[in-house]
Structures are given as C-alpha cells and as structure tokens.
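Reproduced below: run.txt, with compact mmCIF, C-alpha atoms and all ligand atoms.
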# COMPACT_ATOMS: atom_id res chain seq x y z
CA MET A 1 191.06 22.33 77.87
CA PRO A 2 192.76 24.54 80.46
CA GLU A 3 196.56 24.42 80.48
CA LEU A 4 199.09 26.22 82.64
CA PRO A 5 198.30 29.81 81.53
CA GLU A 6 194.57 29.34 82.05
CA VAL A 7 195.08 27.83 85.51
CA GLU A 8 197.52 30.61 86.42
CA THR A 9 194.96 33.20 85.31
CA VAL A 10 192.30 31.56 87.49
CA ARG A 11 194.76 31.59 90.38
CA ARG A 12 195.45 35.28 89.98
CA SER A 13 191.77 36.12 89.63
CA LEU A 14 191.01 34.42 92.96
CA GLU A 15 193.37 36.76 94.78
CA PRO A 16 192.91 38.59 97.04
CA ARG A 17 189.17 38.06 97.57
CA LEU A 18 189.65 34.37 98.35
CA PHE A 19 191.50 35.32 101.53
CA GLU A 20 189.16 37.99 102.82
CA SER A 21 186.91 35.98 105.13
CA ALA A 22 186.49 32.58 106.72
CA ILE A 23 184.67 29.66 105.14
CA ALA A 24 181.17 29.46 106.60
CA SER A 25 179.39 26.71 104.68
CA SER A 26 179.96 23.87 102.22
CA HIS A 27 177.84 21.96 99.73
CA ALA A 28 179.25 19.20 97.53
CA SER A 29 177.47 17.07 94.95
CA LYS A 30 177.58 13.29 95.12
CA LEU A 31 178.62 12.90 91.49
CA ALA A 32 182.03 11.49 90.67
CA LEU A 33 184.69 13.86 89.36
CA ARG A 34 187.40 11.93 87.52
CA GLY A 35 186.04 8.73 89.00
CA ARG A 36 185.62 9.90 92.58
CA PRO A 37 183.05 12.11 94.32
CA ILE A 38 184.21 15.08 96.37
CA ASP A 39 184.92 14.03 99.97
CA ARG A 40 182.04 15.86 101.62
CA ARG A 41 183.26 15.34 105.16
CA ALA A 42 186.74 16.65 104.32
CA VAL A 43 185.22 19.70 102.65
CA ALA A 44 182.84 20.31 105.58
CA ALA A 45 185.82 20.20 107.94
CA LEU A 46 187.16 23.34 106.22
CA VAL A 47 184.30 25.41 107.65
CA GLY A 48 185.75 27.96 110.07
CA ALA A 49 189.13 28.01 108.32
CA ARG A 50 190.39 30.64 105.89
CA PHE A 51 192.20 30.32 102.63
CA ILE A 52 195.68 31.69 103.14
CA ALA A 53 197.44 30.99 99.83
CA ALA A 54 196.60 30.15 96.23
CA ARG A 55 199.43 28.23 94.59
CA ARG A 56 199.79 26.36 91.32
CA ILE A 57 201.90 23.47 90.09
CA GLY A 58 201.41 22.72 86.39
CA LYS A 59 197.66 22.54 85.85
CA TYR A 60 196.85 22.01 89.55
CA LEU A 61 195.56 24.76 91.78
CA LEU A 62 196.49 24.39 95.43
CA LEU A 63 194.37 26.45 97.79
CA ASP A 64 195.91 26.29 101.25
CA THR A 65 193.79 26.88 104.33
CA SER A 66 194.55 27.89 107.91
CA ALA A 67 193.42 24.39 108.92
CA ARG A 68 196.63 23.03 107.30
CA ARG A 69 194.46 21.34 104.71
CA THR A 70 194.72 22.18 101.02
CA LEU A 71 191.98 22.13 98.42
CA LEU A 72 193.53 20.69 95.25
CA VAL A 73 191.67 21.53 92.05
CA HIS A 74 192.26 20.33 88.49
CA LEU A 75 189.94 21.84 85.87
CA GLY A 76 190.04 18.78 83.59
CA MET A 77 188.29 19.58 80.30
CA THR A 78 185.45 21.90 81.25
CA GLY A 79 186.05 22.84 84.88
CA ARG A 80 185.45 26.38 86.08
CA LEU A 81 186.41 27.72 89.47
CA LEU A 82 184.32 30.81 90.13
CA LEU A 83 183.97 33.43 92.84
CA ARG A 84 180.32 34.41 92.85
CA ASP A 85 178.03 36.34 95.09
CA GLY A 86 176.19 33.84 97.29
CA ASP A 87 172.88 35.17 95.95
CA ALA A 88 173.86 34.58 92.32
CA ALA A 89 172.00 31.81 90.49
CA VAL A 90 173.81 28.47 90.80
CA GLU A 91 175.07 27.34 87.39
CA PRO A 92 174.16 23.84 86.15
CA HIS A 93 176.88 21.26 86.89
CA THR A 94 178.01 23.00 90.09
CA HIS A 95 179.75 20.33 92.18
CA LEU A 96 181.13 22.36 95.06
CA ARG A 97 180.07 25.54 96.85
CA LEU A 98 182.11 27.01 99.67
CA GLY A 99 180.36 30.01 101.19
CA PHE A 100 182.35 32.67 102.99
CA GLU A 101 181.32 34.84 105.94
CA SER A 102 181.20 37.66 103.42
CA SER A 103 178.59 37.27 100.69
CA LEU A 104 181.03 35.46 98.37
CA GLU A 105 180.99 31.82 97.30
CA LEU A 106 183.72 29.74 95.71
CA ARG A 107 182.10 27.40 93.19
CA TYR A 108 183.44 24.52 91.15
CA VAL A 109 181.42 23.94 87.97
CA ASP A 110 182.25 21.09 85.57
CA ALA A 111 179.89 19.79 82.89
CA ARG A 112 182.01 16.85 81.74
CA ARG A 113 183.42 16.00 85.18
CA PHE A 114 186.99 15.21 84.09
CA GLY A 115 188.29 17.61 86.70
CA ALA A 116 189.24 16.82 90.28
CA VAL A 117 188.57 18.45 93.65
CA ARG A 118 190.40 16.88 96.60
CA VAL A 119 191.32 17.84 100.15
CA TYR A 120 194.78 16.92 101.42
CA ALA A 121 196.98 17.70 104.40
CA THR A 122 199.14 20.62 103.25
CA ASP A 123 202.30 19.05 104.69
CA THR A 124 202.08 15.91 102.58
CA LEU A 125 200.75 17.37 99.33
CA HIS A 126 203.92 16.61 97.41
CA ALA A 127 203.43 12.89 98.05
CA THR A 128 199.86 12.71 96.67
CA GLU A 129 199.00 10.60 93.65
CA GLU A 130 198.38 13.79 91.67
CA LEU A 131 201.53 15.77 92.46
CA SER A 132 204.15 13.10 93.13
CA ILE A 133 204.41 12.16 89.45
CA LEU A 134 204.84 15.66 88.06
CA GLY A 135 207.98 17.10 86.53
CA PRO A 136 209.01 20.71 87.13
CA ASP A 137 206.61 23.58 86.56
CA PRO A 138 207.99 25.49 83.56
CA LEU A 139 207.46 28.91 85.14
CA SER A 140 209.42 27.91 88.24
CA ALA A 141 213.16 27.89 88.90
CA ALA A 142 212.99 24.08 88.96
CA PHE A 143 212.59 24.04 85.16
CA THR A 144 216.27 24.21 84.24
CA ALA A 145 217.63 23.94 80.72
CA GLU A 146 220.04 21.18 81.77
CA GLY A 147 217.32 19.12 83.42
CA PHE A 148 215.08 19.52 80.39
CA ILE A 149 217.80 18.59 77.89
CA ASP A 150 218.68 15.56 79.97
CA GLY A 151 215.02 14.52 80.15
CA LEU A 152 214.62 14.78 76.38
CA SER A 153 217.70 12.66 75.81
CA ARG A 154 216.17 9.85 77.85
CA THR A 155 212.99 9.36 75.83
CA LYS A 156 212.64 7.96 72.34
CA ARG A 157 209.13 9.24 71.96
CA ASP A 158 208.27 12.02 69.56
CA LEU A 159 208.54 15.56 70.87
CA LYS A 160 204.82 16.10 71.11
CA ALA A 161 204.27 13.02 73.29
CA ALA A 162 207.29 13.86 75.44
CA LEU A 163 205.98 17.37 76.14
CA LEU A 164 202.44 16.22 76.85
CA ASP A 165 203.72 13.70 79.41
CA GLN A 166 203.58 15.66 82.65
CA ALA A 167 206.71 13.95 83.98
CA LEU A 168 209.25 15.82 81.82
CA VAL A 169 207.64 19.20 82.34
CA THR A 170 204.18 19.83 83.77
CA GLY A 171 201.46 22.21 82.64
CA LEU A 172 201.55 21.83 78.86
CA GLY A 173 198.64 20.52 76.80
CA ASN A 174 197.80 20.34 73.12
CA ILE A 175 197.68 24.10 72.52
CA TYR A 176 200.91 25.25 74.13
CA VAL A 177 202.90 22.22 72.93
CA ALA A 178 201.97 23.15 69.35
CA GLU A 179 202.90 26.77 69.94
CA ALA A 180 206.23 25.98 71.61
CA LEU A 181 207.29 23.55 68.87
CA TRP A 182 206.48 26.16 66.21
CA LEU A 183 208.44 28.84 68.04
CA ALA A 184 211.43 26.50 68.39
CA ARG A 185 211.01 25.47 64.70
CA LEU A 186 210.88 21.77 65.59
CA SER A 187 208.66 19.12 64.04
CA PRO A 188 206.23 17.51 66.52
CA ARG A 189 207.31 14.15 65.04
CA ARG A 190 211.00 14.50 65.89
CA ARG A 191 212.32 11.85 68.25
CA ALA A 192 213.12 13.55 71.54
CA HIS A 193 216.46 11.79 72.13
CA ARG A 194 217.74 12.83 68.71
CA VAL A 195 217.12 16.55 69.15
CA PRO A 196 220.48 18.36 69.18
CA ARG A 197 221.42 20.35 72.24
CA THR A 198 221.00 23.74 70.55
CA ASP A 199 217.45 22.84 69.46
CA ALA A 200 216.58 21.46 72.90
CA LEU A 201 217.79 24.72 74.41
CA ALA A 202 215.61 26.66 71.97
CA LEU A 203 212.64 24.49 72.90
CA HIS A 204 213.21 25.11 76.61
CA GLY A 205 213.10 28.85 75.96
CA ALA A 206 210.10 28.54 73.64
CA ILE A 207 208.07 26.69 76.28
CA VAL A 208 208.62 29.47 78.80
CA SER A 209 207.93 32.12 76.18
CA VAL A 210 204.59 30.76 74.92
CA LEU A 211 203.37 30.16 78.48
CA GLU A 212 204.32 33.67 79.60
CA LYS A 213 202.50 35.09 76.60
CA GLY A 214 199.47 32.95 77.44
CA VAL A 215 199.45 34.27 81.01
CA ALA A 216 199.91 37.88 79.81
CA ASN A 217 196.87 37.38 77.55
CA ARG A 218 194.88 35.86 80.45
CA GLY A 219 194.62 32.44 78.83
CA THR A 220 193.20 30.88 75.68
CA THR A 221 189.42 30.46 75.37
CA PHE A 222 187.99 28.26 72.63
CA SER A 223 184.89 27.08 74.44
CA ASP A 224 184.64 26.72 78.20
CA TYR A 225 187.59 28.38 79.84
CA VAL A 226 186.96 31.47 81.98
CA ASP A 227 188.73 33.01 84.97
CA ALA A 228 187.21 33.19 88.46
CA ASP A 229 185.14 36.22 87.41
CA GLY A 230 183.75 34.50 84.32
CA ASN A 231 185.96 36.45 81.88
CA PHE A 232 187.28 34.88 78.68
CA GLY A 233 190.99 34.89 77.81
CA ALA A 234 192.40 36.64 74.73
CA ASN A 235 195.34 34.42 73.78
CA GLN A 236 193.34 32.58 71.09
CA HIS A 237 193.71 35.68 68.89
CA THR A 238 197.51 35.49 68.85
CA LEU A 239 198.18 31.77 68.41
CA ALA A 240 200.74 30.85 65.75
CA VAL A 241 199.57 27.38 64.71
CA TYR A 242 196.96 25.86 67.04
CA GLY A 243 193.55 25.83 65.33
CA ARG A 244 194.97 27.64 62.27
CA ASP A 245 195.12 24.85 59.67
CA GLY A 246 194.86 26.27 56.15
CA GLN A 247 195.86 29.75 57.29
CA PRO A 248 199.27 31.30 56.52
CA CYS A 249 202.19 30.76 58.89
CA ARG A 250 202.92 33.98 60.75
CA ALA A 251 206.64 33.55 59.99
CA CYS A 252 206.81 32.31 56.38
CA GLY A 253 203.30 32.41 54.88
CA THR A 254 203.11 28.66 54.20
CA ARG A 255 199.73 27.13 55.02
CA ILE A 256 199.55 25.62 58.49
CA ARG A 257 198.75 21.93 58.41
CA ARG A 258 196.85 19.68 60.76
CA PHE A 259 197.25 15.95 61.26
CA VAL A 260 196.18 13.49 63.92
CA GLN A 261 198.98 12.31 66.20
CA ALA A 262 198.20 9.75 68.90
CA GLY A 263 194.50 10.57 68.55
CA ARG A 264 194.85 14.33 68.91
CA SER A 265 195.10 17.18 66.44
CA THR A 266 198.58 18.48 65.77
CA PHE A 267 199.10 21.81 64.00
CA TYR A 268 202.42 22.81 62.47
CA CYS A 269 204.11 24.73 59.67
CA PRO A 270 205.57 22.27 57.15
CA LEU A 271 208.29 24.74 56.17
CA CYS A 272 209.36 26.23 59.51
CA GLN A 273 209.13 22.86 61.30
CA ARG A 274 210.74 20.49 58.83
CA GLY A 275 211.99 17.27 60.39
CA ARG A 276 215.77 17.09 60.01
ZN ZN B 301 206.28 28.81 58.60
Written as structure tokens, how would this file's structure read?
Ligand SMILES: [Zn+2]
Amino acid sequence: MPELPEVETVRRSLEPRLFESAIASSHASKLALRGRPIDRRAVAALVGARFIAARRIGKYLLLDTSARRTLLVHLGMTGRLLLRDGDAAVEPHTHLRLGFESSLELRYVDARRFGAVRVYATDTLHATEELSILGPDPLSAAFTAEGFIDGLSRTKRDLKAALLDQALVTGLGNIYVAEALWLARLSPRRRAHRVPRTDALALHGAIVSVLEKGVANRGTTFSDYVDADGNFGANQHTLAVYGRDGQPCRACGTRIRRFVQAGRSTFYCPLCQRGR
C-alpha cells in the first residue's frame, strides 16, 4: 500500500511532463472509488486548463490546474497514477483518463478501488474532508519535534496506532511505522504517553530518516506500487524489519518477529525494541 515515499516518488515522476500542455479530453468510469464515483462533470470542466503544480500532503497528491481547481488523488491500496502515451493500450481497471494536447495521457488505474480521485477548488482544499483532518506532513517544516512530542503525550494508545493515525503525523503506513520504530529502538506496543522525551525525540528523527531513505530509493514495491512511468521502487531491498520475520536483525542478529496488532502485521526486533 503506497505511503508517503511512494506518493512522493509518483509526484516527482509526473514532473515536468504533467505541465507541458493543456488538458484536451477526459474520460471517467462510473465505478465508485472509496464509495464515490469520480465527478465526471468536474473532471470534464478541467478541459482547456493546464496542470501548474504537483504537490503532496501525506499520502495525498494535489495536482493544481490553471482553472483554480485541484485534482486530489489518493492511491489507496492498489492505485497507480500513470503518464502514458495516448496510443498505449488502456490497462484494466483504468478509472480516469485525462488526455493532453500533446500525445500524453494521465491515467488513474486502481484494481481494488480503495483510492480516491476528487476535484476541489484550490482555494478551499485545506477545508476538505480529506485534508482538514490531517496532522503535519513529516517532510515539511510543520513537523516539529515539540509538536510531535506534545501529540504523543496526549494519546494513551500504543505507538503503532498513534503513528498510523493520520492526525498526529500524516503519510505513514504499516511499512514505515515498523521501520521508524526499529530505528528509534522502541517497541510498537509502548504506550505513546509514557514514552520519555529523549525517546520521542529519537522517534521524530527516525520517522524523517526512514521516509527520506524511502524517497531516495524511489519507494517500496511489494506488489502493485509503481511510479508514473511504471517503474518499481527499490526500498524493499533495504528494509530493516518489515516483511523480514525470521531473518536476522540488521543491528543485533536476533530473529525479527511478526505478530498481529489491531488486525495488521507488526514486525520488530525483540532485542533492539524491548518494551521498558
Ligand atoms: Zn535487533
């Protein structure tokens, strides 16, 4: 499932071709994405406009147009945002095609349809149901150590749940939470409000570090994730704990363990990440 580094890699791979010519055509499927079909009229109204910026907040891509409307995209579980030649065969499960005056097409493909594609007025994006509930993006200046430490102190949930909740910090999912907790040497079961300040500070740094590494490696691909050109990421080869149960910890050699926490797999090193 794409997390911040995968979405950031998609964002970067859209530039600069996304901006090169005006939108000339639109086709949207009638199938619901995350419970709602794409607003075909809103998408059709983008014809004639150009994309002028590709931004990201957490796992959301925000593609601003010259019509002061923004295409908001969340890749969900299996979403792919692709830049293809207009003549290229249309992949199964393609839900949106925006053709440009050049031969390019922007396509949204999503087999499981847990993603979202919405059109909003750029000026009021921050107030939308998707973005208004998000905490700071961890690769932005808004993600301060003090704010993060304060946020942790206010929740009694375990660290894993606190980090997955997009309100404390946005953009993390199962993979990068596991990696950040390993790097900070903290058990995923620790209660957030009991984590000492020095450990919370280490966790803040670890979150930034694992995400930056993920971006540098162009994302983690286990099954579906690709960038806008269809390329896989390489970060899966360097992960410390995620998906490595039974293999030796890269720091101490102890076997990595897996257990199910709130219905999802958690991977950790029982020696490096002892609960205190
Ligand atoms: Zn270890």
TODO: Record the distance separating CA of Gln273 in chain A and CA of Leu164 in chain A, expressed in Å with one decimal.
DONE: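 Spanning CA of Gln273 in chain A to CA of Leu164 in chain A is a straight-line distance of 18.2 Å.
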Pairwise distance, CA of Ala262 in chain A with CA of Gly35 in chain A, equals 23.5 Å
Could you build a table of the residues in chain A lying no more than 9 Å from ligand ZN 301 (chain B), giving for each the nearest pair of atoms and their separation in Å rounded to one decimal place, using all atoms listed in the file, ordered by chain and ascending residue number, as JSON lines?
{"residue": "A:Trp182", "atom": "CA", "partner": "B:ZN301", "partner_atom": "ZN", "distance": 8.1}
{"residue": "A:Arg185", "atom": "CA", "partner": "B:ZN301", "partner_atom": "ZN", "distance": 8.4}
{"residue": "A:Pro248", "atom": "CA", "partner": "B:ZN301", "partner_atom": "ZN", "distance": 7.7}
{"residue": "A:Cys249", "atom": "CA", "partner": "B:ZN301", "partner_atom": "ZN", "distance": 4.5}
{"residue": "A:Arg250", "atom": "CA", "partner": "B:ZN301", "partner_atom": "ZN", "distance": 6.5}
{"residue": "A:Ala251", "atom": "CA", "partner": "B:ZN301", "partner_atom": "ZN", "distance": 5.0}
{"residue": "A:Cys252", "atom": "CA", "partner": "B:ZN301", "partner_atom": "ZN", "distance": 4.2}
{"residue": "A:Gly253", "atom": "CA", "partner": "B:ZN301", "partner_atom": "ZN", "distance": 6.0}
{"residue": "A:Thr254", "atom": "CA", "partner": "B:ZN301", "partner_atom": "ZN", "distance": 5.4}
{"residue": "A:Arg255", "atom": "CA", "partner": "B:ZN301", "partner_atom": "ZN", "distance": 7.7}
{"residue": "A:Ile256", "atom": "CA", "partner": "B:ZN301", "partner_atom": "ZN", "distance": 7.4}
{"residue": "A:Tyr268", "atom": "CA", "partner": "B:ZN301", "partner_atom": "ZN", "distance": 8.1}
{"residue": "A:Cys269", "atom": "CA", "partner": "B:ZN301", "partner_atom": "ZN", "distance": 4.7}
{"residue": "A:Pro270", "atom": "CA", "partner": "B:ZN301", "partner_atom": "ZN", "distance": 6.7}
{"residue": "A:Leu271", "atom": "CA", "partner": "B:ZN301", "partner_atom": "ZN", "distance": 5.1}
{"residue": "A:Cys272", "atom": "CA", "partner": "B:ZN301", "partner_atom": "ZN", "distance": 4.1}
{"residue": "A:Gln273", "atom": "CA", "partner": "B:ZN301", "partner_atom": "ZN", "distance": 7.1}
Using all atoms listed in the file, the residue out of A:Thr9, A:Thr155, A:Thr170, A:Ser265 with shortest distance to Ser140 in chain A is A:Thr170
- Task: List the neighbours of Tyr242 in chain A out to 9 Å using all atoms listed in the file; skip same-chain residues closer than 5 positions along the sequence, and give me the result as a PyMOL selection string.
- Result: chain A and resi 174-176+178-179+236+256+258+265-268
Every residue with an atom at most 12 Å from (195.3, 34.1, 91.7) (file coordinates; only C-alpha atoms) is what I'm after, so could you write them as a PDB file with C-alpha atoms, keeping the file's coordinate frame?
ATOM      1  CA  PRO A   5     198.300  29.810  81.530  1.00  0.00           C
ATOM      2  CA  GLU A   6     194.570  29.340  82.050  1.00  0.00           C
ATOM      3  CA  VAL A   7     195.080  27.830  85.510  1.00  0.00           C
ATOM      4  CA  GLU A   8     197.520  30.610  86.420  1.00  0.00           C
ATOM      5  CA  THR A   9     194.960  33.200  85.310  1.00  0.00           C
ATOM      6  CA  VAL A  10     192.300  31.560  87.490  1.00  0.00           C
ATOM      7  CA  ARG A  11     194.760  31.590  90.380  1.00  0.00           C
ATOM      8  CA  ARG A  12     195.450  35.280  89.980  1.00  0.00           C
ATOM      9  CA  SER A  13     191.770  36.120  89.630  1.00  0.00           C
ATOM     10  CA  LEU A  14     191.010  34.420  92.960  1.00  0.00           C
ATOM     11  CA  GLU A  15     193.370  36.760  94.780  1.00  0.00           C
ATOM     12  CA  PRO A  16     192.910  38.590  97.040  1.00  0.00           C
ATOM     13  CA  ARG A  17     189.170  38.060  97.570  1.00  0.00           C
ATOM     14  CA  LEU A  18     189.650  34.370  98.350  1.00  0.00           C
ATOM     15  CA  PHE A  19     191.500  35.320 101.530  1.00  0.00           C
ATOM     16  CA  PHE A  51     192.200  30.320 102.630  1.00  0.00           C
ATOM     17  CA  ILE A  52     195.680  31.690 103.140  1.00  0.00           C
ATOM     18  CA  ALA A  53     197.440  30.990  99.830  1.00  0.00           C
ATOM     19  CA  ALA A  54     196.600  30.150  96.230  1.00  0.00           C
ATOM     20  CA  ARG A  55     199.430  28.230  94.590  1.00  0.00           C
ATOM     21  CA  ARG A  56     199.790  26.360  91.320  1.00  0.00           C
ATOM     22  CA  LEU A  61     195.560  24.760  91.780  1.00  0.00           C
ATOM     23  CA  LEU A  62     196.490  24.390  95.430  1.00  0.00           C
ATOM     24  CA  LEU A  63     194.370  26.450  97.790  1.00  0.00           C
ATOM     25  CA  LEU A  81     186.410  27.720  89.470  1.00  0.00           C
ATOM     26  CA  LEU A  82     184.320  30.810  90.130  1.00  0.00           C
ATOM     27  CA  LEU A  83     183.970  33.430  92.840  1.00  0.00           C
ATOM     28  CA  VAL A 215     199.450  34.270  81.010  1.00  0.00           C
ATOM     29  CA  ARG A 218     194.880  35.860  80.450  1.00  0.00           C
ATOM     30  CA  ASP A 227     188.730  33.010  84.970  1.00  0.00           C
ATOM     31  CA  ALA A 228     187.210  33.190  88.460  1.00  0.00           C
ATOM     32  CA  ASP A 229     185.140  36.220  87.410  1.00  0.00           C
TER      33      ASP A 229
END
Could you check how far CA of Thr94 in chain A sits from CA of Tyr108 in chain A, in Å to one decimal?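 Here the two named atoms are 5.7 Å from each other.
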Counting only C-alpha atoms, which residue out of A:Arg97, A:His74, A:Arg264, A:Arg69 sits closest to Arg50 in chain A?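 Closest to Arg50 in chain A of all the choices is A:Arg69.
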Could you check which residues have any atom within 8 Å of (191.5, 39.1, 80.1), counting all atoms listed in the file with coordinates taken straight from the file, and then list them as a PyMOL selection string?
chain A and resi 217-219+231-234
Would you mind listing what lies within 9 Å of Gly79 in chain A as a short mmCIF file (atom, residue, chain, number, x, y, z; two decimals) with C-alpha atoms, keeping the file's coordinate frame, with only C-alpha atoms counted and same-chain residues fewer than 5 positions away left out?
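Just written: around_16.cif:
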data_model
loop_
_atom_site.label_atom_id
_atom_site.label_comp_id
_atom_site.auth_asym_id
_atom_site.auth_seq_id
_atom_site.Cartn_x
_atom_site.Cartn_y
_atom_site.Cartn_z
CA MET A 1 191.06 22.33 77.87
CA PRO A 2 192.76 24.54 80.46
CA HIS A 74 192.26 20.33 88.49
CA TYR A 108 183.44 24.52 91.15
CA VAL A 109 181.42 23.94 87.97
CA ASP A 110 182.25 21.09 85.57
CA ALA A 111 179.89 19.79 82.89
CA ARG A 112 182.01 16.85 81.74
CA ARG A 113 183.42 16.00 85.18
CA PHE A 114 186.99 15.21 84.09
CA GLY A 115 188.29 17.61 86.70
CA ALA A 116 189.24 16.82 90.28
CA ASP A 224 184.64 26.72 78.20
CA TYR A 225 187.59 28.38 79.84
#
inquiry  = From the options A:Arg34, A:Arg118, A:Lys213, A:Arg189, which residue's atoms come nearest to Thr78 in chain A, counting all atoms listed in the file?
reply    =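 Of A:Arg34, A:Arg118, A:Lys213, A:Arg189, the one nearest Thr78 in chain A is A:Arg34, counting all atoms listed in the file.
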Excluding Arg190 in chain A and its own-chain neighbours fewer than 5 positions away, which residues fall within 9 Å of it when counting all atoms listed in the file? Please give them as a ChimeraX atom specification. /A:157-160,195,275-276
### Message
Quick one: residues within 10 Å of Glu130 in chain A, all atoms listed in the file, excluding same-chain residues fewer than 2 positions away - as a PyMOL selection string?
### Response
chain A and resi 60+72+74+116+118+125-128+132-134
Which of A:Pro188, A:Asp87, A:Leu75, A:Arg68 sits closest to Val260 in chain A [using all atoms listed in the file]: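 Among the listed residues, A:Pro188 lies closest to Val260 in chain A.
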Quiz item: Of the candidates A:Arg84, A:Leu211, A:Ala45, A:Leu33, which one gets nearest to Ala67 in chain A if we count only C-alpha atoms?
Solution: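 With only C-alpha atoms as the atom set, the closest residue is A:Ala45.
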Completion step: range 169-177 of chain A with all heavy atoms as a CSV table (one decimal), in the coordinates of the input:
chain,number,residue,atom,x,y,z
A,169,VAL,N,208.0,17.8,82.0
A,169,VAL,CA,207.6,19.2,82.3
A,169,VAL,C,206.1,19.2,82.5
A,169,VAL,O,205.4,18.5,81.7
A,169,VAL,CB,208.1,20.2,81.2
A,169,VAL,CG1,207.6,19.8,79.9
A,169,VAL,CG2,207.7,21.6,81.6
A,170,THR,N,205.6,19.9,83.5
A,170,THR,CA,204.2,19.8,83.8
A,170,THR,C,203.4,21.1,83.5
A,170,THR,O,204.0,22.2,83.8
A,170,THR,CB,203.9,19.4,85.2
A,170,THR,OG1,202.5,19.1,85.3
A,170,THR,CG2,204.3,20.4,86.3
A,171,GLY,N,202.3,21.0,82.9
A,171,GLY,CA,201.5,22.2,82.6
A,171,GLY,C,201.1,22.4,81.2
A,171,GLY,O,200.2,23.2,80.9
A,172,LEU,N,201.8,21.7,80.3
A,172,LEU,CA,201.6,21.8,78.9
A,172,LEU,C,200.4,20.9,78.4
A,172,LEU,O,200.3,19.8,78.9
A,172,LEU,CB,202.8,21.5,78.0
A,172,LEU,CG,204.0,22.4,78.2
A,172,LEU,CD1,205.2,21.8,77.6
A,172,LEU,CD2,203.7,23.8,77.6
A,173,GLY,N,199.6,21.3,77.5
A,173,GLY,CA,198.6,20.5,76.8
A,173,GLY,C,198.8,20.7,75.3
A,173,GLY,O,199.8,21.3,74.8
A,174,ASN,N,197.7,20.3,74.6
A,174,ASN,CA,197.8,20.3,73.1
A,174,ASN,C,198.1,21.7,72.5
A,174,ASN,O,198.8,21.8,71.5
A,174,ASN,CB,196.5,19.8,72.6
A,174,ASN,CG,196.6,18.9,71.4
A,174,ASN,OD1,197.7,18.4,71.2
A,174,ASN,ND2,195.6,18.8,70.6
A,175,ILE,N,197.5,22.8,73.1
A,175,ILE,CA,197.7,24.1,72.5
A,175,ILE,C,199.1,24.6,72.7
A,175,ILE,O,199.8,25.0,71.7
A,175,ILE,CB,196.7,25.1,73.2
A,175,ILE,CG1,195.3,24.7,72.9
A,175,ILE,CG2,197.0,26.5,72.7
A,175,ILE,CD1,194.2,25.5,73.6
A,176,TYR,N,199.6,24.6,73.9
A,176,TYR,CA,200.9,25.2,74.1
A,176,TYR,C,202.1,24.4,73.7
A,176,TYR,O,203.1,24.9,73.3
A,176,TYR,CB,201.1,25.7,75.6
A,176,TYR,CG,200.1,26.8,75.9
A,176,TYR,CD1,198.8,26.5,76.5
A,176,TYR,CD2,200.3,28.1,75.6
A,176,TYR,CE1,197.9,27.5,76.8
A,176,TYR,CE2,199.4,29.1,75.9
A,176,TYR,CZ,198.2,28.8,76.5
A,176,TYR,OH,197.3,29.8,76.7
A,177,VAL,N,201.9,23.1,73.6
A,177,VAL,CA,202.9,22.2,72.9
A,177,VAL,C,203.0,22.6,71.5
A,177,VAL,O,204.2,22.8,71.0
A,177,VAL,CB,202.5,20.7,73.1
A,177,VAL,CG1,203.4,19.9,72.1
A,177,VAL,CG2,202.8,20.2,74.5
